[in-house]
Every structure is written in C-alpha cells, then in structure tokens.
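Data block for query32.txt (compact mmCIF, C-alpha atoms):
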```
# COMPACT_ATOMS: atom_id res chain seq x y z
CA MET V 1 0.00 0.00 0.00
CA GLY V 2 2.65 2.54 -1.15
CA ASP V 3 4.50 4.44 1.61
CA PRO V 4 2.65 2.64 4.40
CA LEU V 5 2.23 3.71 8.00
CA LYS V 6 3.29 7.29 7.52
CA TYR V 7 -0.01 9.04 7.08
CA TYR V 8 -2.63 10.07 9.59
CA ASP V 9 -6.28 10.98 9.48
CA LEU V 10 -8.84 12.62 11.74
CA SER V 11 -12.39 11.36 12.14
CA TYR V 12 -15.27 11.35 14.60
CA LEU V 13 -15.35 7.53 14.57
CA SER V 14 -13.94 5.75 17.58
CA ASN V 15 -14.65 2.18 16.52
CA ILE V 16 -12.59 1.80 13.34
CA GLU V 17 -10.93 -1.61 13.07
CA GLU V 18 -7.14 -1.57 13.26
CA SER V 19 -6.91 -3.70 10.10
CA LEU V 20 -9.04 -1.21 8.15
CA VAL V 21 -6.77 1.66 9.24
CA THR V 22 -3.76 -0.24 7.88
CA ARG V 23 -5.58 -1.22 4.69
CA LEU V 24 -6.45 2.41 4.06
CA GLY V 25 -2.75 3.23 4.29
CA TYR V 26 -2.75 5.16 7.56
CA LYS V 27 -0.60 4.71 10.62
CA LYS V 28 -3.39 5.97 12.82
CA ILE V 29 -6.79 7.61 12.55
CA PHE V 30 -7.12 10.07 15.42
CA VAL V 31 -10.51 10.48 17.03
CA ILE V 32 -12.01 13.95 17.36
CA GLY V 33 -13.24 14.42 20.90
CA LYS V 34 -10.68 11.94 22.27
CA ASP V 35 -7.23 12.52 20.78
CA VAL V 36 -7.95 16.04 19.60
CA HIS V 37 -10.71 18.59 20.21
CA LEU V 38 -12.46 20.55 17.52
CA ILE V 39 -13.66 23.80 19.09
CA ASN V 40 -15.58 26.83 17.86
CA GLN V 41 -14.01 29.33 20.22
CA PRO V 42 -10.77 29.38 22.22
CA ARG V 43 -11.08 27.65 25.58
CA PRO V 44 -8.30 28.12 28.11
CA GLY V 45 -6.83 24.93 29.52
CA GLU V 46 -8.01 22.68 26.69
CA VAL V 47 -5.07 20.85 25.14
CA LYS V 48 -4.61 19.71 21.54
CA THR V 49 -7.34 21.66 19.85
CA ILE V 50 -8.22 22.63 16.32
CA ILE V 51 -10.18 25.85 16.01
CA ARG V 52 -13.09 25.69 13.56
CA SER V 53 -14.53 29.11 12.97
CA ASN V 54 -15.14 31.85 10.43
CA ASP V 55 -14.55 34.63 12.95
CA PRO V 56 -11.06 36.15 12.45
CA LYS V 57 -10.89 37.40 16.06
CA LYS V 58 -11.57 33.97 17.56
CA ILE V 59 -9.09 32.37 15.18
CA ALA V 60 -6.41 34.96 15.99
CA SER V 61 -6.93 34.43 19.71
CA ALA V 62 -6.77 30.64 19.36
CA LEU V 63 -3.68 30.73 17.16
CA ARG V 64 -1.76 32.59 19.84
CA ASN V 65 -2.42 29.68 22.18
CA ASN V 66 0.28 26.99 22.19
CA ASP V 67 -2.28 24.22 22.64
CA THR V 68 -3.96 25.02 19.33
CA ILE V 69 -2.76 22.68 16.62
CA GLY V 70 -4.28 24.43 13.63
CA VAL V 71 -7.26 26.09 12.05
CA LEU V 72 -10.20 24.80 10.02
CA PHE V 73 -12.30 27.41 8.25
CA GLU V 74 -16.01 26.91 8.83
CA ASP V 75 -17.87 26.50 5.51
CA ASN V 76 -14.45 26.92 3.85
CA ILE V 77 -14.80 30.69 3.94
CA LEU V 78 -11.58 32.41 2.97
CA LEU V 79 -10.03 34.60 5.67
CA LYS V 80 -6.76 35.85 4.26
CA LYS V 81 -5.61 37.49 7.48
CA SER V 82 -6.22 34.30 9.47
CA ILE V 83 -4.22 32.29 6.94
CA GLU V 84 -1.40 34.82 7.26
CA GLU V 85 -1.54 34.54 11.07
CA ALA V 86 -1.47 30.75 10.85
CA GLY V 87 1.60 31.02 8.64
CA ASN V 88 3.30 33.42 11.05
CA ASN V 89 2.52 31.18 14.04
CA GLY V 90 3.66 28.02 12.24
CA LYS V 91 0.23 26.38 12.57
CA PRO V 92 -1.32 24.39 9.74
CA VAL V 93 -4.52 25.20 7.89
CA PHE V 94 -6.74 22.10 7.85
CA LEU V 95 -8.66 21.04 4.77
CA SER V 96 -11.69 18.83 5.26
CA LEU V 97 -12.13 16.19 2.56
CA SER V 98 -15.65 15.41 3.79
CA ASP V 99 -16.72 18.74 2.31
CA LEU V 100 -15.94 17.31 -1.12
CA MET V 101 -18.32 14.42 -0.58
CA ASP V 102 -21.54 16.34 -0.24
CA LYS V 103 -24.66 14.71 -1.69
CA ASP V 104 -25.29 17.82 -3.72
CA PRO V 105 -22.80 18.08 -6.63
CA VAL V 106 -23.27 21.86 -6.76
CA GLN V 107 -22.22 22.16 -3.10
CA THR V 108 -19.27 19.80 -3.73
CA SER V 109 -18.13 21.94 -6.63
CA ARG V 110 -18.51 25.12 -4.58
CA ASN V 111 -16.52 23.66 -1.69
CA MET V 112 -13.83 22.48 -4.10
CA ASN V 113 -13.37 26.01 -5.44
CA ARG V 114 -13.36 27.51 -1.95
CA ILE V 115 -10.76 25.05 -0.66
CA ARG V 116 -8.65 25.58 -3.77
CA THR V 117 -8.59 29.32 -2.99
CA ILE V 118 -7.58 28.60 0.62
CA VAL V 119 -4.72 26.43 -0.69
CA THR V 120 -3.57 29.22 -3.00
CA PHE V 121 -3.41 31.74 -0.15
CA ALA V 122 -1.86 29.25 2.28
CA ARG V 123 0.94 28.80 -0.21
CA LYS V 124 1.24 32.57 -0.65
CA PHE V 125 1.51 33.24 3.10
CA GLY V 126 3.70 30.20 3.80
CA ALA V 127 1.13 28.42 5.96
CA GLU V 128 1.39 24.65 6.25
CA ILE V 129 -1.50 22.57 4.90
CA ALA V 130 -2.94 19.56 6.73
CA ILE V 131 -5.44 17.23 5.10
CA ALA V 132 -7.96 15.04 6.93
CA THR V 133 -11.33 13.54 6.16
CA PHE V 134 -13.12 14.64 9.37
CA ALA V 135 -15.41 11.69 8.66
CA THR V 136 -18.62 11.47 10.63
CA ARG V 137 -19.50 8.05 9.18
CA GLN V 138 -17.43 5.15 7.92
CA ALA V 139 -18.56 5.83 4.36
CA TYR V 140 -16.81 9.18 4.51
CA LEU V 141 -13.38 7.71 5.18
CA THR V 142 -10.96 7.54 2.26
CA SER V 143 -7.73 5.68 1.70
CA ALA V 144 -4.51 7.71 1.85
CA MET V 145 -4.19 7.26 -1.90
CA GLN V 146 -7.65 8.73 -2.48
CA ALA V 147 -6.94 11.59 -0.09
CA MET V 148 -3.87 12.42 -2.20
CA ALA V 149 -5.89 12.24 -5.41
CA LEU V 150 -8.54 14.55 -3.96
CA SER V 151 -5.96 17.00 -2.70
CA GLU V 152 -4.31 17.06 -6.11
CA LEU V 153 -7.64 18.24 -7.51
CA LEU V 154 -7.48 21.05 -4.95
CA GLY V 155 -4.17 22.27 -6.31
CA VAL V 156 -1.94 20.52 -3.78
CA SER V 157 1.04 18.76 -5.37
CA ILE V 158 1.87 15.12 -4.60
CA ASP V 159 4.81 16.06 -2.35
CA GLU V 160 2.73 18.66 -0.53
CA SER V 161 -0.15 16.23 -0.04
CA LYS V 162 2.19 13.58 1.40
CA LYS V 163 3.44 16.17 3.87
CA ALA V 164 -0.12 17.35 4.54
CA LEU V 165 -1.29 13.82 5.35
CA SER V 166 1.53 13.27 7.82
CA ALA V 167 1.24 16.76 9.39
CA ILE V 168 -1.26 15.69 12.07
CA GLY V 169 1.09 13.00 13.32
CA GLU V 170 3.77 15.56 14.14
CA TYR V 171 1.43 17.16 16.65
CA LEU V 172 -0.49 14.18 18.00
CA ASP V 173 1.56 11.00 17.59
CA ASN V 174 4.11 11.22 20.35
CA MET X 175 0.71 -0.77 -36.30
CA ILE X 176 -0.86 -2.41 -33.27
CA THR X 177 -0.29 -0.40 -30.10
CA LYS X 178 -0.54 -1.95 -26.68
CA ARG X 179 -3.36 -0.64 -24.50
CA LYS X 180 -1.87 0.76 -21.33
CA ILE X 181 -4.15 0.05 -18.45
CA ARG X 182 -4.15 0.14 -14.66
CA TYR X 183 -6.05 -2.04 -12.25
CA LEU X 184 -7.43 -0.66 -8.99
CA LEU X 185 -8.07 -2.87 -5.97
CA ILE X 186 -11.23 -1.45 -4.43
CA GLU X 187 -12.97 -2.30 -1.20
CA PHE X 188 -16.55 -1.27 -0.46
CA SER X 189 -17.33 -0.81 3.22
CA ALA X 190 -20.24 -3.27 2.99
CA PRO X 191 -20.69 -6.52 1.05
CA ILE X 192 -21.23 -5.79 -2.63
CA ASP X 193 -21.95 -7.88 -5.73
CA VAL X 194 -20.53 -6.02 -8.70
CA LYS X 195 -21.65 -8.82 -11.03
CA LYS X 196 -25.19 -7.52 -10.63
CA ARG X 197 -25.98 -5.29 -13.56
CA ALA X 198 -27.82 -2.75 -11.40
CA VAL X 199 -24.81 -2.33 -9.10
CA SER X 200 -22.27 -1.90 -11.90
CA GLU X 201 -24.56 0.50 -13.78
CA GLU X 202 -25.07 2.58 -10.64
CA LEU X 203 -21.31 2.75 -10.16
CA SER X 204 -20.83 3.85 -13.78
CA ARG X 205 -23.52 6.51 -13.46
CA ASN X 206 -21.92 7.87 -10.28
CA LEU X 207 -18.48 7.95 -11.93
CA ILE X 208 -19.92 9.85 -14.91
CA LEU X 209 -21.59 12.30 -12.51
CA PHE X 210 -18.19 13.28 -11.07
CA LEU X 211 -15.94 12.77 -14.09
CA GLY X 212 -18.22 13.92 -16.86
CA GLU X 213 -18.89 11.92 -20.01
CA LEU X 214 -15.69 12.91 -21.79
CA THR X 215 -13.28 12.01 -18.97
CA ASN X 216 -15.25 8.84 -18.29
CA TYR X 217 -14.85 7.85 -21.94
CA ARG X 218 -11.12 8.58 -21.79
CA ALA X 219 -10.62 6.77 -18.47
CA ASN X 220 -12.85 3.89 -19.61
CA PRO X 221 -13.48 2.43 -16.13
CA HIS X 222 -14.61 -1.17 -16.29
CA ILE X 223 -15.29 -3.69 -13.53
CA ASN X 224 -12.76 -6.45 -14.08
CA SER X 225 -13.69 -9.05 -11.48
CA GLN X 226 -14.97 -9.53 -7.99
CA ILE X 227 -12.34 -11.15 -5.80
CA GLY X 228 -13.90 -10.98 -2.36
CA GLU X 229 -17.12 -10.26 -0.57
CA LYS X 230 -16.33 -6.54 -0.44
CA VAL X 231 -13.38 -6.36 -2.84
CA PHE X 232 -13.25 -6.05 -6.62
CA LEU X 233 -10.94 -4.93 -9.39
CA LEU X 234 -11.61 -1.93 -11.60
CA ARG X 235 -9.76 -1.52 -14.89
CA ILE X 236 -9.00 1.97 -16.19
CA ASN X 237 -6.81 3.56 -18.85
CA ARG X 238 -3.41 4.65 -17.59
CA GLY X 239 -3.14 8.35 -16.79
CA PHE X 240 -6.59 8.71 -15.25
CA GLU X 241 -5.84 7.20 -11.84
CA ARG X 242 -6.12 10.51 -10.00
CA GLU X 243 -9.52 11.38 -11.47
CA VAL X 244 -11.01 7.91 -10.90
CA LEU X 245 -9.65 7.70 -7.33
CA ALA X 246 -11.18 11.06 -6.49
CA ALA X 247 -14.47 10.10 -8.14
CA LEU X 248 -14.64 6.85 -6.18
CA ALA X 249 -14.03 8.75 -2.95
CA THR X 250 -17.12 10.86 -3.57
CA ILE X 251 -19.50 7.92 -4.12
CA LYS X 252 -21.29 7.12 -0.87
CA LYS X 253 -23.93 4.60 -1.86
CA SER X 254 -24.22 1.37 -3.80
CA GLY X 255 -27.22 -0.87 -4.22
CA GLY X 256 -29.17 1.17 -1.68
CA VAL X 257 -26.50 0.60 0.99
CA GLU X 258 -24.50 3.50 2.41
CA GLY X 259 -20.78 2.93 2.18
CA GLY X 260 -17.50 4.16 0.81
CA PHE X 261 -15.27 2.87 -1.98
CA TYR X 262 -11.70 2.64 -0.70
CA THR X 263 -8.91 2.27 -3.25
CA LEU X 264 -6.34 0.05 -1.59
CA LYS X 265 -3.76 -0.45 -4.30
CA ILE X 266 -3.02 0.27 -7.96
CA SER X 267 -1.09 -1.99 -10.28
CA GLY X 268 -0.45 -2.66 -13.95
CA THR X 269 -1.50 -6.30 -13.65
CA ALA X 270 -4.55 -7.88 -12.05
CA LYS X 271 -2.43 -10.81 -10.89
CA LYS X 272 -0.34 -8.63 -8.59
CA LEU X 273 -3.45 -7.22 -6.95
CA ILE X 274 -4.95 -10.67 -6.44
CA ILE X 275 -1.71 -11.83 -4.80
CA PHE X 276 -1.71 -8.69 -2.62
CA TYR X 277 -5.33 -9.31 -1.65
CA ARG X 278 -4.64 -12.94 -0.68
CA ARG X 279 -1.42 -12.17 1.22
CA HIS X 280 -2.43 -9.04 3.05
CA ILE X 281 -6.18 -8.49 3.20
CA LEU X 282 -7.46 -12.06 3.56
CA LEU X 283 -4.80 -12.94 6.12
CA ASP X 284 -5.24 -9.66 8.04
CA ALA X 285 -8.95 -10.25 8.28
CA GLY X 286 -8.34 -13.84 9.39
CA GLN X 287 -10.32 -15.12 6.44
CA GLY X 288 -7.63 -17.38 5.01
CA SER X 289 -10.16 -20.05 4.22
CA SER X 290 -12.97 -17.74 3.11
CA LYS X 291 -14.64 -17.98 -0.26
CA SER X 292 -12.49 -16.08 -2.66
CA ARG X 293 -14.27 -16.06 -5.98
CA ILE X 294 -11.24 -16.65 -8.18
```
What would you get if you wrote out this structure as structure tokens?
Amino acid sequence: MGDPLKYYDLSYLSNIEESLVTRLGYKKIFVIGKDVHLINQPRPGEVKTIIRSNDPKKIASALRNNDTIGVLFEDNILLKKSIEEAGNNGKPVFLSLSDLMDKDPVQTSRNMNRIRTIVTFARKFGAEIAIATFATRQAYLTSAMQAMALSELLGVSIDESKKALSAIGEYLDN
Amino acid sequence: MITKRKIRYLLIEFSAPIDVKKRAVSEELSRNLILFLGELTNYRANPHINSQIGEKVFLLRINRGFEREVLAALATIKKSGGVEGGFYTLKISGTAKKLIIFYRRHILLDAGQGSSKSRI
C-alpha cells in the first residue's frame, strides 16, 4: 500500500478496526473528541485543539495559544488574514475532505473552489496545509491514496499532499 | 501498427458486502463515476469492472493516466445498491495478478479469512 504507516487521518469515529486503518494506508486515525478537540471558540486549559470558525478574532486568539494545533475554516470561507496569522505562528490550515463528498454536486463543486482558494493563499503566506477527512460516518473515510488524489484536484502537489497527510502525526503521535 | 493498451487495475474495497456482477450495481457505479468525471473524462478513463475477488473487494480496470480522477471520483461515491458505504482504493497496479496476490497475502490474512470464499 505505497508508503505505508506514515499518514494520519482525523475522524469522529472511535470504533474503526485496526486492520481497516492499515488497509487504508494510515498509521493511525485520530478520534475527534478523544485525541484532539475541535472547538468553535478558544477555551483556556483545553489541550490539543483545532479551532473551527469563520470569525477572524476567535481564530487569531486561538492561534496565539500553544495548545492550538491548527485552524479549520467553517464553511471553507476564505479569511486571508487568518491564513497569514497561521503562517506566522507556524500552525497548519486544515482542509476537510468530507466537504468534497456532499450529496449535492453543486455544493461539492462550490466547496472544491473555496478550498482551492484557501490552498492558493496558504501557499502565498507560507502556511502549512494539513489534510484530513473529518469523517462522521465510515462511508466518509478515504484511503490515503484517495486523499492524495482529492488534494491534487485542490491544487496541492503530490509532495505537498504527502506532507499534509503526515502533518497531524507531528502534533499528536508522540 | 498495433499499439498496446496501457491500463491500470485498482483494488477497491466497499465498506459493505457488494456484488458487482449484478448489472444494477455496476450500472449505478458507472452513473456515479460519470456524474463526477463527466462523459468525456469517463470515456477517456474507460473504467470497467474487471472481477470480484472478495465479498467486499473487486478490481476496476482503467486507462493509464486517469488514476487521480477515478480515485477522487470513487471517494465521492457514498452509496451502492441502496446501501450506504465508501469505496476505498487500496492499491493500484499494472496487472490484475499482482493485486490478487496482494489481496490474498495481506487483506485475507489480516482479516483472518484465510479459508474464506475467494471467488477466483
């Protein structure tokens, strides 16, 4: 399974079989709510968090916190200043692959364009990119190979997507 | 001059049992691929179900050079035969034989199904 056990994923599922994780090409699939917390506003004292918001003030406040791992833009709305701050603080910008799997093809296409724009500005401001599925159901998981193919469609090169898929591990797998 | 067709085989697992030999299932998969890829890319990629090799696992044959598009398209399909599930691409190879060997060595053994009914 090409380059095995190097990539990581994030999902809401806590009952994924170990063999499935390996088959999908991941070293580990971290569980949101257990290994990492996805929060809408900065909370003092909470460790290993990802801020999901479209409010630049909340994002700026969270990014200054050492316990914040990175930022995920709610509804994939572009906030250039927040991307710049993430770049300056050395925190990655998360891209959710689940947003590309919407039942409505129009919404999928819209999300694709929005994420592509985020990628463009992340590159411009030197912010790191992290890719994860953020799967709420097992059907929304993808193999590492598929995650790379999807991220290539978003304008992320193969080398960048390999780095983006292993980015979460640097913060959580220790 | 006869030119060799350059093809790639994808080893795909559905998250629930699937019978790709059923016409309705394969047609639904084709329709979903066309929905994401569009008719022109689908024609160029020429995805074709090659064989079913396990309860949840089958081989898909495509033209070389369209792996990225087909992989992404498969990731977006979330239903087959009325059952919710995801299509996971586990491995890509130039020969079906290699994938079948990979499936027997790694997936069957990992799942502890060494004696299960492989359909080849």
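With all atoms listed in the file as the basis for measurement, V:Val21 is the residue among V:Val21, V:Ile50, V:Val119, V:Ile129 that approaches chain X most closely.
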- Query: So which one's closest to chain X, V:Glu85, V:Asp173, V:Glu152, V:Glu46? Using all atoms listed in the file, please.
  - Reply: V:Glu152
Would you compute, for all listed atoms of range 212-221 of chain X, the axis-aligned bounding box grown by 4 Å on each side, and then report its centre and edge lengths in Å rounded to one decimal, as JSON?
```
{"center_x": -14.8, "center_y": 8.2, "center_z": -19.0, "size_x": 16.3, "size_y": 19.5, "size_z": 13.8}
```
- Task: Hey, list the chain V side of the contact with chain X: 9 Å cut-off, only C-alpha atoms, answer as a ChimeraX atom specification.
- Result: /V:1-2,19,23-25,98,100-103,105,137-153
- Item | One-decimal distance in Å that lies between CA of Arg52 in chain V and CA of Lys80 in chain V |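 That distance, rounded to one decimal, is 15.2 Å.
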- Message: Quick check, in Å to one decimal: how far apart do CA of Leu203 in chain X and CA of Asp104 in chain V lie?
- Response: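 Computing the Euclidean distance for CA of Leu203 in chain X and CA of Asp104 in chain V yields 16.9 Å.
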Any chance you could build range 183-208 of chain X out to N, CA, C and O atoms and write it as a PDB file, keeping the file's coordinate frame?
```
ATOM      1  N   TYR X 183      -4.990  -1.366 -13.008  1.00  0.00           N
ATOM      2  CA  TYR X 183      -6.050  -2.040 -12.250  1.00  0.00           C
ATOM      3  C   TYR X 183      -6.082  -1.438 -10.837  1.00  0.00           C
ATOM      4  O   TYR X 183      -5.026  -1.199 -10.240  1.00  0.00           O
ATOM      5  N   LEU X 184      -7.271  -1.190 -10.347  1.00  0.00           N
ATOM      6  CA  LEU X 184      -7.430  -0.660  -8.990  1.00  0.00           C
ATOM      7  C   LEU X 184      -8.063  -1.737  -8.120  1.00  0.00           C
ATOM      8  O   LEU X 184      -9.045  -2.364  -8.524  1.00  0.00           O
ATOM      9  N   LEU X 185      -7.487  -1.943  -6.942  1.00  0.00           N
ATOM     10  CA  LEU X 185      -8.070  -2.870  -5.970  1.00  0.00           C
ATOM     11  C   LEU X 185      -8.968  -2.032  -5.062  1.00  0.00           C
ATOM     12  O   LEU X 185      -8.499  -1.163  -4.335  1.00  0.00           O
ATOM     13  N   ILE X 186     -10.266  -2.300  -5.147  1.00  0.00           N
ATOM     14  CA  ILE X 186     -11.230  -1.450  -4.430  1.00  0.00           C
ATOM     15  C   ILE X 186     -12.022  -2.264  -3.421  1.00  0.00           C
ATOM     16  O   ILE X 186     -12.465  -3.379  -3.717  1.00  0.00           O
ATOM     17  N   GLU X 187     -12.158  -1.675  -2.241  1.00  0.00           N
ATOM     18  CA  GLU X 187     -12.970  -2.300  -1.200  1.00  0.00           C
ATOM     19  C   GLU X 187     -14.172  -1.407  -0.912  1.00  0.00           C
ATOM     20  O   GLU X 187     -14.034  -0.195  -0.739  1.00  0.00           O
ATOM     21  N   PHE X 188     -15.353  -2.004  -0.881  1.00  0.00           N
ATOM     22  CA  PHE X 188     -16.550  -1.270  -0.460  1.00  0.00           C
ATOM     23  C   PHE X 188     -16.733  -1.563   1.023  1.00  0.00           C
ATOM     24  O   PHE X 188     -16.414  -2.655   1.489  1.00  0.00           O
ATOM     25  N   SER X 189     -17.257  -0.605   1.772  1.00  0.00           N
ATOM     26  CA  SER X 189     -17.330  -0.810   3.220  1.00  0.00           C
ATOM     27  C   SER X 189     -18.413  -1.805   3.644  1.00  0.00           C
ATOM     28  O   SER X 189     -18.496  -2.165   4.807  1.00  0.00           O
ATOM     29  N   ALA X 190     -19.221  -2.252   2.699  1.00  0.00           N
ATOM     30  CA  ALA X 190     -20.240  -3.270   2.990  1.00  0.00           C
ATOM     31  C   ALA X 190     -20.153  -4.332   1.893  1.00  0.00           C
ATOM     32  O   ALA X 190     -19.566  -4.073   0.840  1.00  0.00           O
ATOM     33  N   PRO X 191     -20.720  -5.524   2.125  1.00  0.00           N
ATOM     34  CA  PRO X 191     -20.690  -6.520   1.050  1.00  0.00           C
ATOM     35  C   PRO X 191     -21.344  -5.988  -0.227  1.00  0.00           C
ATOM     36  O   PRO X 191     -22.352  -5.288  -0.163  1.00  0.00           O
ATOM     37  N   ILE X 192     -20.749  -6.319  -1.345  1.00  0.00           N
ATOM     38  CA  ILE X 192     -21.230  -5.790  -2.630  1.00  0.00           C
ATOM     39  C   ILE X 192     -21.104  -6.880  -3.700  1.00  0.00           C
ATOM     40  O   ILE X 192     -20.180  -7.701  -3.638  1.00  0.00           O
ATOM     41  N   ASP X 193     -22.042  -6.923  -4.625  1.00  0.00           N
ATOM     42  CA  ASP X 193     -21.950  -7.880  -5.730  1.00  0.00           C
ATOM     43  C   ASP X 193     -21.903  -7.083  -7.035  1.00  0.00           C
ATOM     44  O   ASP X 193     -22.936  -6.683  -7.581  1.00  0.00           O
ATOM     45  N   VAL X 194     -20.680  -6.846  -7.504  1.00  0.00           N
ATOM     46  CA  VAL X 194     -20.530  -6.020  -8.700  1.00  0.00           C
ATOM     47  C   VAL X 194     -20.939  -6.754  -9.980  1.00  0.00           C
ATOM     48  O   VAL X 194     -21.007  -6.161 -11.048  1.00  0.00           O
ATOM     49  N   LYS X 195     -21.197  -8.070  -9.845  1.00  0.00           N
ATOM     50  CA  LYS X 195     -21.650  -8.820 -11.030  1.00  0.00           C
ATOM     51  C   LYS X 195     -23.099  -8.465 -11.375  1.00  0.00           C
ATOM     52  O   LYS X 195     -23.544  -8.682 -12.493  1.00  0.00           O
ATOM     53  N   LYS X 196     -23.807  -7.941 -10.372  1.00  0.00           N
ATOM     54  CA  LYS X 196     -25.190  -7.520 -10.630  1.00  0.00           C
ATOM     55  C   LYS X 196     -25.165  -6.300 -11.542  1.00  0.00           C
ATOM     56  O   LYS X 196     -24.443  -5.333 -11.279  1.00  0.00           O
ATOM     57  N   ARG X 197     -25.963  -6.362 -12.568  1.00  0.00           N
ATOM     58  CA  ARG X 197     -25.980  -5.290 -13.560  1.00  0.00           C
ATOM     59  C   ARG X 197     -26.366  -3.944 -12.931  1.00  0.00           C
ATOM     60  O   ARG X 197     -25.769  -2.907 -13.238  1.00  0.00           O
ATOM     61  N   ALA X 198     -27.348  -3.995 -12.025  1.00  0.00           N
ATOM     62  CA  ALA X 198     -27.820  -2.750 -11.400  1.00  0.00           C
ATOM     63  C   ALA X 198     -26.701  -2.068 -10.607  1.00  0.00           C
ATOM     64  O   ALA X 198     -26.569  -0.847 -10.645  1.00  0.00           O
ATOM     65  N   VAL X 199     -25.895  -2.880  -9.924  1.00  0.00           N
ATOM     66  CA  VAL X 199     -24.810  -2.330  -9.100  1.00  0.00           C
ATOM     67  C   VAL X 199     -23.734  -1.705  -9.988  1.00  0.00           C
ATOM     68  O   VAL X 199     -23.271  -0.581  -9.744  1.00  0.00           O
ATOM     69  N   SER X 200     -23.334  -2.431 -11.036  1.00  0.00           N
ATOM     70  CA  SER X 200     -22.270  -1.900 -11.900  1.00  0.00           C
ATOM     71  C   SER X 200     -22.753  -0.666 -12.673  1.00  0.00           C
ATOM     72  O   SER X 200     -21.988   0.281 -12.879  1.00  0.00           O
ATOM     73  N   GLU X 201     -24.035  -0.676 -13.059  1.00  0.00           N
ATOM     74  CA  GLU X 201     -24.560   0.500 -13.780  1.00  0.00           C
ATOM     75  C   GLU X 201     -24.639   1.716 -12.862  1.00  0.00           C
ATOM     76  O   GLU X 201     -24.352   2.830 -13.291  1.00  0.00           O
ATOM     77  N   GLU X 202     -25.007   1.477 -11.602  1.00  0.00           N
ATOM     78  CA  GLU X 202     -25.070   2.580 -10.640  1.00  0.00           C
ATOM     79  C   GLU X 202     -23.682   3.178 -10.426  1.00  0.00           C
ATOM     80  O   GLU X 202     -23.522   4.394 -10.381  1.00  0.00           O
ATOM     81  N   LEU X 203     -22.688   2.287 -10.337  1.00  0.00           N
ATOM     82  CA  LEU X 203     -21.310   2.750 -10.160  1.00  0.00           C
ATOM     83  C   LEU X 203     -20.874   3.593 -11.371  1.00  0.00           C
ATOM     84  O   LEU X 203     -20.285   4.666 -11.213  1.00  0.00           O
ATOM     85  N   SER X 204     -21.193   3.107 -12.569  1.00  0.00           N
ATOM     86  CA  SER X 204     -20.830   3.850 -13.780  1.00  0.00           C
ATOM     87  C   SER X 204     -21.504   5.213 -13.812  1.00  0.00           C
ATOM     88  O   SER X 204     -20.868   6.219 -14.149  1.00  0.00           O
ATOM     89  N   ARG X 205     -22.780   5.228 -13.449  1.00  0.00           N
ATOM     90  CA  ARG X 205     -23.520   6.510 -13.460  1.00  0.00           C
ATOM     91  C   ARG X 205     -22.894   7.497 -12.478  1.00  0.00           C
ATOM     92  O   ARG X 205     -22.725   8.674 -12.795  1.00  0.00           O
ATOM     93  N   ASN X 206     -22.527   6.990 -11.287  1.00  0.00           N
ATOM     94  CA  ASN X 206     -21.920   7.870 -10.280  1.00  0.00           C
ATOM     95  C   ASN X 206     -20.553   8.378 -10.732  1.00  0.00           C
ATOM     96  O   ASN X 206     -20.186   9.512 -10.445  1.00  0.00           O
ATOM     97  N   LEU X 207     -19.795   7.514 -11.424  1.00  0.00           N
ATOM     98  CA  LEU X 207     -18.480   7.950 -11.930  1.00  0.00           C
ATOM     99  C   LEU X 207     -18.665   9.044 -12.981  1.00  0.00           C
ATOM    100  O   LEU X 207     -17.949  10.038 -12.985  1.00  0.00           O
ATOM    101  N   ILE X 208     -19.668   8.847 -13.865  1.00  0.00           N
ATOM    102  CA  ILE X 208     -19.920   9.850 -14.910  1.00  0.00           C
ATOM    103  C   ILE X 208     -20.361  11.173 -14.279  1.00  0.00           C
ATOM    104  O   ILE X 208     -19.967  12.244 -14.727  1.00  0.00           O
TER     105      ILE X 208
END
```
